[in-house]
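A.B. asks: One structure, as structure tokens, below. Some questions next.
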Amino acid sequence: MGRKENPIVSPNRELVALAQWLRDQRSASGHSYAQLAVLARCHATTLQRAASARAVPSARSVRAYARACGASEKKAMELWLKARRRNFRTPGGSSPDALGIDGVEALRAGLRRLYELAGRPPVREMEERAGTGRLPHSTAHRIVGGRTVPRDIHQLTGFLTACSVAAAEHPLWIDAWRRALGRDTPSPPAPRTAGAVGPVVRGGVEAAGSVTPDRQVPEPLGASAGLRFALLGPVRAWYDGRQLRLGSPQQRAVAAALLLREGRTATAGELIDAVWGEEPPPQALAALRTYVSRLRGELRREAGDALLVSESGGYTVRLPERRLDLTCAKELCVRAEQARAAGDLPRARAVVREVLGLWDGEALAGVPGPYAAAQRVRLEEWRLHLLESCLDMDLALGRHAEAVAELTALTAAHPLRERLRELLMLALYRSGRQAEALAVYADTRRLLAEELGVDPRSGLRELQQRILRADPALHEPAAPRPAERGEVRVRPAQLPVCVADFTGRTEVTARLVGLLSAAGRTDVPVAALWGTGGVGKSALAVRVGQAVRRFFPDGQLYVDLQQEEPAGALGAALRALGVAGRDVPEGLAERSALYRSVLDGRRVLVVADHARDAAQVRWLLPASAGCGVLVTSRRRMLGLAGARLVELDAMSPQEALALFTRVVGERRMAAERAAARYVVAACGFLPLAVRAAACRLAARPAWTVAMLAGRLADESGRLAELEAGDLAVRPLFENCYTALDGEQARALRVLSGSADPFLSVPAAAGLLGCGPQRAEDALESLVDAGLLIPMGPAHYQVHVLARLFALSLPAP
């Protein structure tokens, strides 16, 4: 057991309790500190200090101590948090007081104390706690390190949320942040009078009649004629060199949401979600209409044209070509890719620098709302990718000495971005600074271990080994050359257009985005989305694919396996990736091998829609760790190794009603909500059925919702009513049914005739006339086919529309 430990002495009683508990766990385990160190994978001295009570240890060492002893990590962290909080109540370590903050340094110290009180959570965890787009983990790392402070209120409140600060205390910290940065706190909106314009909106929305004057800034170079808009910085507009007034922050958020769609229509509901999120104030629609009216008036007064127009129940901004900096940036990026593919690196580098010059600070700076926050993250990720691409070309052109300074600043600003550190190591090595290059690797490894508990990625580790070996190939950059004759490196963007009135699915969308965004940090992530026909798998896959595009900068492939067999799909994919048609091999195995080779080193998303089985998909799986795969199927992909299965159920009643309302229109729905609720229930909350019913009603202005509900009440004719153009429910179930074998088809018909909507395994066995095990196998096979819904342990339900289809078939 080793020598006797020193007595525990500390004024922090909670710290004494922690140290004593740790020592008790070690005694119970019978291990020495040397043995614990091997189990905990840390130094024995670290463990001894953790149980000494001389200072509050780190959370990581306490967890390691408990894990090595086989004790409860949860209990250990409870004691550690008490000791940490008690430590901040002792003299010299007082709890941060927002009212006492009077400068930037005091604010930095206060935010650091909040972080300590929260138990120093990992920055990745803080990013998740704060909510999507509010607090990037790299920003959280700089804040807790005292290198920066939150740039706006949304980032500040995200940090406070991540540190478990009560919402009631947020206003005090917002006031402290404003004082520290010298920003005036806006006065509350004036009471509404008889002559006030627009509604007074509560819940964080300023009075619709208030207008904040735009700060006058010079128009971008070369943008002096006509109307111009800027999003790659503060949201601004000019006409003939004169800046326009875009109004309050919320009004700018509306303008930004419309401009970001680049001519596509945004519904009122989408704009409300963009500005206020999931909990808009009661008067949000009235405020939105006021903002749109003001923006329309300002643009018409200056430009004279009807640029902001109402269309299909929403709004759109119709801009002439090259009037938006974001559009110009995208066009220039295409030119840069073409130049790089042709081997003209100097030209490609110059064009990328031109794109980067379009940024004027943070994109969408000061624009509130969840949509702007998410887009800000996307645009910042794009800017950093362009910077990495430009610096990569600098090194390829032999400009390593000039790149060192810029890379050093960028790695300090983005310490967890491994690609920047890899480029810095290479630039230092080529500049004759081998020791500094290796020091960058050591610092990266330490930082990733402390912050995320992971090792550097394989590319960084390989570069370190090559530097240690003094690999001659590292000394000279590869000479730029044109692309090979048989392969031109292109960036496919094959995802179909998102459904404009896509509704709900927030939770499953977040789950899929989380799975696919791990590309590059883990093996190839494969997400297999399954569910019955018409449940909206394809629409969701496209939506998710668009949401994760920034993680796959080398392109997105879309394969419809309902139309193409694997061989044809691979041929089309290879041609989309730049392989000449004459170089595409004939055999399936050869095409798959070439496909993996072409994708090697690229970060591409593959969306395989309407997969029949796992065998179809295996040929399309990339081997490169930077790629990701999203599969949709009516069957559970149990045979697809490594795939994360995600089930897509029918919509919730609220989501289905929202979709029905978006298609039919709020005005028509206002007086007949009870009938509408019956309609979506009769559709089984199946998105395809809800959309077919809504489109059928929208095409018949003389019908009321109640009339449609009456027609759907007749179960014998319901499937015929759920048809509008190419939207039809019956063909879906026909396809599912024809894929069943004889025993499965009989089981579906028998089970659909049961009067009990919920079937247990014993009840199904009685109806089918077989044993429980065979009945359960039949039930599970129908679940795999998307015709049965599991309702908890050993209970199932035939979908209401599948039941009506089965009842229309001949008796078994």
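Identifiers in this document derive from the order of the structure tokens: chains are assigned A, B, ..., residues are numbered from 1 separately in each chain, and ligands are numbered from 1 in order of occurrence.
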Show me, as a PDB file with C-alpha atoms, in the first residue's frame, the residues that have an atom within 10 Å of region 625-629 of chain A when counting only C-alpha atoms, minus same-chain residues fewer than 4 positions from it.
C.D. replies:
```
ATOM      1  CA  LEU A 515     -23.986  11.958 -36.860  1.00  0.00           C
ATOM      2  CA  LEU A 516     -22.806  13.286 -40.217  1.00  0.00           C
ATOM      3  CA  SER A 517     -20.875  16.251 -38.824  1.00  0.00           C
ATOM      4  CA  ALA A 518     -18.501  13.723 -37.207  1.00  0.00           C
ATOM      5  CA  ALA A 519     -16.997  13.055 -40.655  1.00  0.00           C
ATOM      6  CA  GLY A 520     -13.239  13.482 -40.495  1.00  0.00           C
ATOM      7  CA  ARG A 521     -13.122  12.889 -36.718  1.00  0.00           C
ATOM      8  CA  THR A 522     -14.236   9.250 -36.894  1.00  0.00           C
ATOM      9  CA  ASP A 523     -14.558   6.559 -39.544  1.00  0.00           C
ATOM     10  CA  VAL A 524     -16.995   7.234 -42.374  1.00  0.00           C
ATOM     11  CA  PRO A 525     -20.306   7.996 -40.605  1.00  0.00           C
ATOM     12  CA  VAL A 526     -23.226   6.109 -42.182  1.00  0.00           C
ATOM     13  CA  ALA A 527     -26.742   7.165 -41.163  1.00  0.00           C
ATOM     14  CA  ALA A 528     -29.538   4.865 -42.356  1.00  0.00           C
ATOM     15  CA  GLY A 545     -27.777  17.156 -46.670  1.00  0.00           C
ATOM     16  CA  VAL A 548     -24.261  19.611 -43.385  1.00  0.00           C
ATOM     17  CA  PHE A 551     -18.698  19.661 -43.449  1.00  0.00           C
ATOM     18  CA  PHE A 552     -18.276  18.290 -47.002  1.00  0.00           C
ATOM     19  CA  PRO A 553     -16.527  21.043 -48.988  1.00  0.00           C
ATOM     20  CA  ASP A 554     -15.604  18.688 -51.845  1.00  0.00           C
ATOM     21  CA  GLY A 555     -19.210  18.139 -52.870  1.00  0.00           C
ATOM     22  CA  GLN A 556     -22.412  16.168 -52.440  1.00  0.00           C
ATOM     23  CA  LEU A 557     -23.493  13.158 -54.509  1.00  0.00           C
ATOM     24  CA  LEU A 599     -12.929   9.871 -53.137  1.00  0.00           C
ATOM     25  CA  ASP A 600      -9.686   9.235 -51.241  1.00  0.00           C
ATOM     26  CA  GLY A 601      -8.600  12.469 -49.576  1.00  0.00           C
ATOM     27  CA  ARG A 602     -11.857  14.238 -50.412  1.00  0.00           C
ATOM     28  CA  ARG A 603     -14.691  15.202 -48.103  1.00  0.00           C
ATOM     29  CA  VAL A 604     -17.865  14.272 -49.959  1.00  0.00           C
ATOM     30  CA  LEU A 605     -21.382  13.532 -48.742  1.00  0.00           C
ATOM     31  CA  VAL A 606     -23.175  10.625 -50.447  1.00  0.00           C
ATOM     32  CA  VAL A 607     -26.978  10.552 -50.215  1.00  0.00           C
ATOM     33  CA  ALA A 608     -28.370   7.171 -51.338  1.00  0.00           C
ATOM     34  CA  VAL A 617     -25.556   0.485 -50.581  1.00  0.00           C
ATOM     35  CA  LEU A 620     -21.417   3.101 -52.687  1.00  0.00           C
ATOM     36  CA  LEU A 621     -19.619   3.364 -49.331  1.00  0.00           C
ATOM     37  CA  ALA A 643     -24.639   2.125 -39.927  1.00  0.00           C
TER      38      ALA A 643
END
```
A.B. asks: So which residues of region 284-475 of chain A fall under strand (DSSP E) by DSSP, listed as a PyMOL selection string?
C.D. replies: chain A and resi 308-311+314-317
A.B. asks: Save the residues we just selected, N, CA and C atoms, as a PDB file, in the first residue's frame?
C.D. replies:
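Listing of again.pdb after writing:
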```pdb
ATOM      1  N   LEU A 308     -38.839  43.578 -53.454  1.00  0.00           N
ATOM      2  CA  LEU A 308     -39.355  42.699 -52.413  1.00  0.00           C
ATOM      3  C   LEU A 308     -40.835  42.468 -52.702  1.00  0.00           C
ATOM      4  N   VAL A 309     -41.174  41.261 -53.114  1.00  0.00           N
ATOM      5  CA  VAL A 309     -42.533  40.993 -53.574  1.00  0.00           C
ATOM      6  C   VAL A 309     -43.141  39.858 -52.764  1.00  0.00           C
ATOM      7  N   SER A 310     -44.472  39.862 -52.681  1.00  0.00           N
ATOM      8  CA  SER A 310     -45.220  38.766 -52.067  1.00  0.00           C
ATOM      9  C   SER A 310     -45.463  37.706 -53.130  1.00  0.00           C
ATOM     10  N   GLU A 311     -45.232  36.427 -52.725  1.00  0.00           N
ATOM     11  CA  GLU A 311     -45.325  35.365 -53.718  1.00  0.00           C
ATOM     12  C   GLU A 311     -45.651  34.053 -53.026  1.00  0.00           C
ATOM     13  N   GLY A 314     -45.675  33.898 -49.330  1.00  0.00           N
ATOM     14  CA  GLY A 314     -44.443  34.304 -48.663  1.00  0.00           C
ATOM     15  C   GLY A 314     -43.857  35.533 -49.331  1.00  0.00           C
ATOM     16  N   TYR A 315     -42.557  35.712 -49.157  1.00  0.00           N
ATOM     17  CA  TYR A 315     -41.885  36.898 -49.692  1.00  0.00           C
ATOM     18  C   TYR A 315     -40.585  36.463 -50.362  1.00  0.00           C
ATOM     19  N   THR A 316     -40.164  37.265 -51.322  1.00  0.00           N
ATOM     20  CA  THR A 316     -38.891  37.012 -51.985  1.00  0.00           C
ATOM     21  C   THR A 316     -38.292  38.329 -52.443  1.00  0.00           C
ATOM     22  N   VAL A 317     -36.969  38.369 -52.504  1.00  0.00           N
ATOM     23  CA  VAL A 317     -36.239  39.532 -53.019  1.00  0.00           C
ATOM     24  C   VAL A 317     -35.663  39.154 -54.369  1.00  0.00           C
TER      25      VAL A 317
END
```
A.B. asks: Counting only C-alpha atoms, which of A:Val663, A:Leu686, A:Ala28, A:Leu416 gets nearest to Gly70 (chain A)?
C.D. replies: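 Of A:Val663, A:Leu686, A:Ala28, A:Leu416, the one nearest Gly70 (chain A) is A:Ala28, counting only C-alpha atoms.
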A.B. asks: Looking at A:Leu722, A:Ala130, A:Leu448, A:Met393, which one is nearest to Leu697 (chain A), with distances taken over only C-alpha atoms?
C.D. replies: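 Among the listed residues, the smallest separation from Leu697 (chain A) belongs to A:Leu722.
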A.B. asks: Would you mind listing what lies within 9 Å of region 149-153 of chain A as a list in words, with only C-alpha atoms counted and same-chain residues fewer than 4 positions away left out?
C.D. replies: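 Listing them by chain and then by number gives Val104, Leu107, Arg108, Leu111, Leu135, Thr139, Ala140, Arg142, Ile143, Val144, Thr157, Gly158, Phe159, Ile174, Trp177, Ala365, Gly366 and Pro368 of chain A.
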A.B. asks: Could you please take those selected residues and save all heavy atoms as a tab-separated table (two decimals), in the first residue's frame?
C.D. replies:
```
chain	number	residue	atom	x	y	z
A	104	VAL	N	-13.32	45.65	-19.38
A	104	VAL	CA	-13.15	44.41	-20.13
A	104	VAL	C	-12.41	43.37	-19.31
A	104	VAL	O	-12.78	42.18	-19.30
A	104	VAL	CB	-12.41	44.68	-21.46
A	104	VAL	CG1	-12.11	43.36	-22.17
A	104	VAL	CG2	-13.24	45.57	-22.36
A	107	LEU	N	-14.65	41.84	-16.84
A	107	LEU	CA	-15.60	40.95	-17.52
A	107	LEU	C	-14.94	39.62	-17.84
A	107	LEU	O	-15.53	38.55	-17.63
A	107	LEU	CB	-16.11	41.62	-18.79
A	107	LEU	CG	-17.05	40.77	-19.66
A	107	LEU	CD1	-18.33	40.45	-18.91
A	107	LEU	CD2	-17.37	41.49	-20.97
A	108	ARG	N	-13.71	39.66	-18.35
A	108	ARG	CA	-13.01	38.42	-18.66
A	108	ARG	C	-12.85	37.56	-17.42
A	108	ARG	O	-13.08	36.35	-17.44
A	108	ARG	CB	-11.64	38.74	-19.25
A	108	ARG	CG	-11.66	39.23	-20.68
A	108	ARG	CD	-10.28	39.61	-21.14
A	108	ARG	NE	-10.27	39.98	-22.54
A	108	ARG	CZ	-9.28	40.62	-23.14
A	108	ARG	NH1	-8.20	40.95	-22.45
A	108	ARG	NH2	-9.35	40.93	-24.43
A	111	LEU	N	-16.27	36.03	-16.38
A	111	LEU	CA	-16.68	34.91	-17.22
A	111	LEU	C	-15.84	33.67	-16.93
A	111	LEU	O	-16.35	32.54	-16.94
A	111	LEU	CB	-16.57	35.30	-18.70
A	111	LEU	CG	-17.50	36.42	-19.17
A	111	LEU	CD1	-17.22	36.76	-20.62
A	111	LEU	CD2	-18.96	36.03	-19.00
A	135	LEU	N	-22.58	29.41	-29.74
A	135	LEU	CA	-21.27	29.49	-29.10
A	135	LEU	C	-20.36	28.43	-29.70
A	135	LEU	O	-20.27	27.32	-29.17
A	135	LEU	CB	-21.42	29.28	-27.58
A	135	LEU	CG	-20.14	29.42	-26.75
A	135	LEU	CD1	-19.67	30.87	-26.71
A	135	LEU	CD2	-20.38	28.91	-25.34
A	139	THR	N	-14.64	29.53	-30.00
A	139	THR	CA	-14.89	30.81	-29.33
A	139	THR	C	-14.96	30.60	-27.82
A	139	THR	O	-14.42	31.41	-27.04
A	139	THR	CB	-16.21	31.42	-29.83
A	139	THR	OG1	-16.14	31.59	-31.24
A	139	THR	CG2	-16.48	32.76	-29.18
A	140	ALA	N	-15.65	29.53	-27.38
A	140	ALA	CA	-15.70	29.24	-25.95
A	140	ALA	C	-14.30	29.04	-25.38
A	140	ALA	O	-13.99	29.51	-24.27
A	140	ALA	CB	-16.55	27.99	-25.71
A	142	ARG	N	-11.53	30.44	-26.41
A	142	ARG	CA	-10.86	31.74	-26.28
A	142	ARG	C	-11.45	32.55	-25.12
A	142	ARG	O	-10.73	33.29	-24.45
A	142	ARG	CB	-10.98	32.53	-27.58
A	142	ARG	CG	-10.24	31.88	-28.74
A	142	ARG	CD	-10.00	32.85	-29.89
A	142	ARG	NE	-11.24	33.34	-30.46
A	142	ARG	CZ	-11.93	32.72	-31.39
A	142	ARG	NH1	-11.50	31.56	-31.85
A	142	ARG	NH2	-13.04	33.23	-31.88
A	143	ILE	N	-12.75	32.42	-24.89
A	143	ILE	CA	-13.37	33.17	-23.79
A	143	ILE	C	-12.86	32.67	-22.45
A	143	ILE	O	-12.46	33.45	-21.58
A	143	ILE	CB	-14.91	33.07	-23.86
A	143	ILE	CG1	-15.42	33.81	-25.10
A	143	ILE	CG2	-15.55	33.66	-22.61
A	143	ILE	CD1	-16.92	33.65	-25.33
A	144	VAL	N	-12.87	31.34	-22.24
A	144	VAL	CA	-12.43	30.82	-20.94
A	144	VAL	C	-10.93	31.00	-20.75
A	144	VAL	O	-10.45	31.01	-19.62
A	144	VAL	CB	-12.83	29.34	-20.79
A	144	VAL	CG1	-14.33	29.17	-20.89
A	144	VAL	CG2	-12.13	28.45	-21.82
A	157	THR	N	-25.27	35.18	-23.96
A	157	THR	CA	-26.28	34.35	-23.31
A	157	THR	C	-26.03	32.87	-23.56
A	157	THR	O	-26.35	32.03	-22.73
A	157	THR	CB	-27.69	34.74	-23.77
A	157	THR	OG1	-27.75	34.68	-25.21
A	157	THR	CG2	-28.04	36.15	-23.32
A	158	GLY	N	-25.45	32.54	-24.72
A	158	GLY	CA	-25.06	31.15	-24.96
A	158	GLY	C	-24.00	30.69	-23.98
A	158	GLY	O	-24.06	29.58	-23.44
A	159	PHE	N	-23.02	31.56	-23.71
A	159	PHE	CA	-21.97	31.23	-22.73
A	159	PHE	C	-22.57	31.07	-21.34
A	159	PHE	O	-22.22	30.14	-20.60
A	159	PHE	CB	-20.90	32.33	-22.74
A	159	PHE	CG	-19.74	32.06	-21.82
A	159	PHE	CD1	-18.66	31.32	-22.26
A	159	PHE	CD2	-19.73	32.53	-20.52
A	159	PHE	CE1	-17.60	31.05	-21.41
A	159	PHE	CE2	-18.68	32.27	-19.67
A	159	PHE	CZ	-17.60	31.52	-20.11
A	174	ILE	N	-25.77	40.87	-19.07
A	174	ILE	CA	-25.87	41.64	-20.32
A	174	ILE	C	-25.53	43.10	-20.04
A	174	ILE	O	-24.78	43.75	-20.80
A	174	ILE	CB	-27.28	41.50	-20.92
A	174	ILE	CG1	-27.48	40.08	-21.44
A	174	ILE	CG2	-27.49	42.50	-22.06
A	174	ILE	CD1	-28.90	39.78	-21.88
A	177	TRP	N	-21.83	43.34	-19.57
A	177	TRP	CA	-21.15	43.25	-20.88
A	177	TRP	C	-21.22	44.59	-21.61
A	177	TRP	O	-20.22	45.03	-22.19
A	177	TRP	CB	-21.83	42.14	-21.67
A	177	TRP	CG	-21.35	41.97	-23.08
A	177	TRP	CD1	-20.23	41.32	-23.50
A	177	TRP	CD2	-21.99	42.43	-24.27
A	177	TRP	NE1	-20.13	41.35	-24.86
A	177	TRP	CE2	-21.20	42.02	-25.37
A	177	TRP	CE3	-23.16	43.14	-24.52
A	177	TRP	CZ2	-21.54	42.31	-26.68
A	177	TRP	CZ3	-23.51	43.42	-25.83
A	177	TRP	CH2	-22.72	43.02	-26.90
A	365	ALA	N	-23.11	40.41	-39.00
A	365	ALA	CA	-22.77	40.96	-37.68
A	365	ALA	C	-23.95	41.70	-37.08
A	365	ALA	O	-24.58	42.53	-37.73
A	365	ALA	CB	-21.56	41.90	-37.78
A	366	GLY	N	-24.26	41.39	-35.82
A	366	GLY	CA	-25.31	42.08	-35.11
A	366	GLY	C	-26.72	41.67	-35.46
A	366	GLY	O	-27.68	42.23	-34.92
A	368	PRO	N	-29.87	39.43	-35.09
A	368	PRO	CA	-30.36	38.46	-34.09
A	368	PRO	C	-31.11	37.31	-34.75
A	368	PRO	O	-31.41	37.33	-35.94
A	368	PRO	CB	-31.31	39.31	-33.24
A	368	PRO	CG	-31.86	40.32	-34.20
A	368	PRO	CD	-30.73	40.62	-35.16
```
A.B. asks: Find the distance between CA of Gln250 (chain A) and CA of Trp276 (chain A) and write it in Å to one decimal.
C.D. replies: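 For CA of Gln250 (chain A) relative to CA of Trp276 (chain A), the distance reads 8.8 Å.
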A.B. asks: When you look at Gln773 (chain A) with a cut-off of 12 Å (counting only C-alpha atoms), what residues show up, excluding the ones that are within fewer than 4 positions of it in the same chain? I need them as a ChimeraX atom specification.
C.D. replies: /A:761-762,764-766,768-769,777-780,794
A.B. asks: Using only C-alpha atoms, which residues sit within 12 Å of Leu426 (chain A) once same-chain residues fewer than 2 positions away are excluded, as a short mmCIF file (atom, residue, chain, number, x, y, z; two decimals) with N, CA, C and O atoms, in the first residue's frame?
C.D. replies:
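Here's the written file result-v2.cif:
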```
data_model
loop_
_atom_site.label_atom_id
_atom_site.label_comp_id
_atom_site.auth_asym_id
_atom_site.auth_seq_id
_atom_site.Cartn_x
_atom_site.Cartn_y
_atom_site.Cartn_z
N LEU A 391 -3.93 29.15 -48.20
CA LEU A 391 -2.63 28.90 -47.59
C LEU A 391 -2.01 27.60 -48.10
O LEU A 391 -0.79 27.49 -48.23
N ASP A 392 -2.86 26.62 -48.39
CA ASP A 392 -2.37 25.38 -48.99
C ASP A 392 -1.72 25.68 -50.34
O ASP A 392 -0.66 25.14 -50.68
N ASP A 394 -0.47 28.58 -51.18
CA ASP A 394 0.77 29.33 -50.90
C ASP A 394 1.94 28.37 -50.71
O ASP A 394 3.04 28.59 -51.24
N LEU A 395 1.71 27.30 -49.93
CA LEU A 395 2.78 26.34 -49.70
C LEU A 395 3.13 25.59 -50.99
O LEU A 395 4.30 25.29 -51.25
N ALA A 396 2.12 25.29 -51.79
CA ALA A 396 2.39 24.60 -53.06
C ALA A 396 3.18 25.48 -54.01
O ALA A 396 3.92 24.98 -54.87
N GLY A 398 5.50 27.57 -52.98
CA GLY A 398 6.79 27.88 -52.37
C GLY A 398 6.80 29.13 -51.52
O GLY A 398 7.87 29.65 -51.20
N ARG A 399 5.65 29.62 -51.11
CA ARG A 399 5.58 30.85 -50.29
C ARG A 399 5.45 30.51 -48.82
O ARG A 399 4.67 31.11 -48.10
N HIS A 400 6.22 29.53 -48.35
CA HIS A 400 6.08 29.08 -46.98
C HIS A 400 6.53 30.13 -45.97
O HIS A 400 5.95 30.27 -44.91
N ALA A 401 7.58 30.88 -46.29
CA ALA A 401 8.06 31.89 -45.34
C ALA A 401 7.01 32.96 -45.10
O ALA A 401 6.79 33.40 -43.96
N ALA A 403 3.83 32.58 -45.43
CA ALA A 403 2.62 32.00 -44.83
C ALA A 403 2.74 31.79 -43.33
O ALA A 403 1.72 31.68 -42.64
N VAL A 404 3.97 31.73 -42.80
CA VAL A 404 4.15 31.41 -41.39
C VAL A 404 3.44 32.42 -40.49
O VAL A 404 2.74 32.04 -39.53
N LEU A 407 -0.38 32.00 -40.63
CA LEU A 407 -0.79 30.75 -40.01
C LEU A 407 -0.63 30.80 -38.49
O LEU A 407 -1.45 30.23 -37.76
N ARG A 419 -6.25 21.38 -39.34
CA ARG A 419 -5.69 21.61 -40.67
C ARG A 419 -4.77 22.83 -40.67
O ARG A 419 -3.72 22.81 -41.31
N LEU A 420 -5.16 23.88 -39.94
CA LEU A 420 -4.30 25.06 -39.86
C LEU A 420 -2.97 24.72 -39.19
O LEU A 420 -1.91 25.19 -39.60
N ARG A 421 -3.02 23.89 -38.17
CA ARG A 421 -1.78 23.51 -37.48
C ARG A 421 -0.89 22.63 -38.37
O ARG A 421 0.33 22.73 -38.31
N GLU A 422 -1.52 21.80 -39.17
CA GLU A 422 -0.75 20.98 -40.10
C GLU A 422 -0.03 21.86 -41.12
O GLU A 422 1.16 21.66 -41.41
N LEU A 423 -0.73 22.87 -41.64
CA LEU A 423 -0.10 23.78 -42.59
C LEU A 423 1.02 24.58 -41.92
O LEU A 423 2.06 24.84 -42.54
N LEU A 424 0.81 25.00 -40.66
CA LEU A 424 1.85 25.74 -39.95
C LEU A 424 3.08 24.88 -39.75
O LEU A 424 4.23 25.35 -39.92
N LEU A 428 6.69 25.92 -41.30
CA LEU A 428 7.87 26.09 -40.45
C LEU A 428 9.00 25.15 -40.88
O LEU A 428 10.17 25.55 -40.93
N TYR A 429 8.66 23.91 -41.19
CA TYR A 429 9.69 22.95 -41.58
C TYR A 429 10.37 23.38 -42.86
O TYR A 429 11.61 23.31 -42.98
N ARG A 430 9.59 23.83 -43.83
CA ARG A 430 10.19 24.27 -45.09
C ARG A 430 10.98 25.56 -44.93
O ARG A 430 11.80 25.89 -45.78
N SER A 431 10.71 26.29 -43.84
CA SER A 431 11.47 27.52 -43.57
C SER A 431 12.72 27.24 -42.74
O SER A 431 13.36 28.18 -42.25
N GLY A 432 13.05 25.95 -42.53
CA GLY A 432 14.23 25.60 -41.76
C GLY A 432 14.03 25.66 -40.27
O GLY A 432 14.99 25.78 -39.51
N ARG A 433 12.79 25.57 -39.79
CA ARG A 433 12.48 25.70 -38.36
C ARG A 433 11.86 24.40 -37.87
O ARG A 433 10.72 24.34 -37.45
N GLN A 434 12.67 23.33 -37.92
CA GLN A 434 12.17 21.99 -37.61
C GLN A 434 11.71 21.88 -36.17
O GLN A 434 10.65 21.31 -35.87
N ALA A 435 12.49 22.43 -35.22
CA ALA A 435 12.13 22.33 -33.80
C ALA A 435 10.80 23.01 -33.52
O ALA A 435 9.96 22.50 -32.76
N GLU A 436 10.57 24.16 -34.14
CA GLU A 436 9.31 24.86 -33.93
C GLU A 436 8.14 24.09 -34.54
O GLU A 436 7.04 24.09 -33.98
N ALA A 437 8.39 23.44 -35.68
CA ALA A 437 7.32 22.63 -36.29
C ALA A 437 6.93 21.49 -35.36
O ALA A 437 5.74 21.21 -35.18
N LEU A 438 7.91 20.83 -34.76
CA LEU A 438 7.60 19.74 -33.83
C LEU A 438 6.94 20.27 -32.55
O LEU A 438 6.10 19.59 -31.95
N VAL A 440 4.87 22.73 -32.45
CA VAL A 440 3.46 22.94 -32.79
C VAL A 440 2.68 21.63 -32.62
O VAL A 440 1.57 21.62 -32.09
N TYR A 441 3.27 20.51 -33.04
CA TYR A 441 2.59 19.23 -32.88
C TYR A 441 2.41 18.90 -31.40
O TYR A 441 1.33 18.46 -30.98
N GLY A 459 -3.51 12.45 -40.22
CA GLY A 459 -2.68 13.26 -41.11
C GLY A 459 -1.65 14.07 -40.35
O GLY A 459 -0.50 14.23 -40.79
N LEU A 460 -2.03 14.59 -39.19
CA LEU A 460 -1.10 15.38 -38.38
C LEU A 460 -0.02 14.49 -37.78
O LEU A 460 1.17 14.86 -37.74
N GLU A 462 1.06 11.67 -39.02
CA GLU A 462 1.95 11.23 -40.11
C GLU A 462 2.94 12.34 -40.47
O GLU A 462 4.12 12.07 -40.72
N LEU A 463 2.48 13.60 -40.48
CA LEU A 463 3.38 14.70 -40.80
C LEU A 463 4.48 14.81 -39.75
O LEU A 463 5.65 15.07 -40.08
N GLN A 464 4.13 14.63 -38.48
CA GLN A 464 5.15 14.68 -37.43
C GLN A 464 6.22 13.61 -37.65
O GLN A 464 7.43 13.89 -37.52
N ARG A 466 7.04 12.21 -40.46
CA ARG A 466 7.83 12.53 -41.66
C ARG A 466 8.86 13.63 -41.34
O ARG A 466 9.97 13.62 -41.87
N ILE A 467 8.49 14.57 -40.47
CA ILE A 467 9.44 15.61 -40.07
C ILE A 467 10.57 14.99 -39.25
O ILE A 467 11.75 15.33 -39.44
N ALA A 470 12.93 13.46 -41.44
CA ALA A 470 13.48 14.40 -42.43
C ALA A 470 13.17 13.91 -43.84
O ALA A 470 14.05 13.84 -44.71
N ASP A 471 11.93 13.58 -44.08
CA ASP A 471 11.47 13.08 -45.38
C ASP A 471 11.82 14.11 -46.46
O ASP A 471 11.37 15.25 -46.42
N ALA A 473 10.73 14.46 -49.34
CA ALA A 473 9.57 14.92 -50.11
C ALA A 473 8.89 16.13 -49.47
O ALA A 473 8.13 16.83 -50.13
N LEU A 474 9.19 16.39 -48.18
CA LEU A 474 8.58 17.54 -47.52
C LEU A 474 9.26 18.85 -47.86
O LEU A 474 8.67 19.91 -47.69
N HIS A 475 10.49 18.78 -48.33
CA HIS A 475 11.27 20.01 -48.50
C HIS A 475 10.77 20.86 -49.65
O HIS A 475 10.75 22.09 -49.58
N GLU A 476 10.39 20.21 -50.74
CA GLU A 476 9.99 20.97 -51.92
C GLU A 476 8.52 20.77 -52.20
O GLU A 476 8.03 19.64 -52.22
N PRO A 477 7.79 21.85 -52.43
CA PRO A 477 6.37 21.70 -52.79
C PRO A 477 6.22 21.07 -54.16
O PRO A 477 7.08 21.22 -55.02
#
```
A.B. asks: Compile the contact shell of region 355-363 of chain A as a list in words: residues with an atom at most 9 Å away, counting only C-alpha atoms, same-chain residues fewer than 2 positions apart removed.
C.D. replies: Pro220, Ala230, Leu231, Leu232, Gly233, Pro234, Val235, Asp325, Leu326, Cys328, Ala329, Lys330, Leu332, Cys333, Ala350, Val351, Val352, Arg353, Ala365, Gly366, Gln375, Arg376, Val377, Leu379, Glu380, Arg383, Leu386 and Leu387 of chain A
A.B. asks: Measuring atom to atom with only C-alpha atoms, identify which of A:Arg543, A:Leu397, A:Trp619, A:Val513 is nearest to Gly571 (chain A).
C.D. replies: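 Ranked by minimum distance to Gly571 (chain A), first place goes to A:Trp619.
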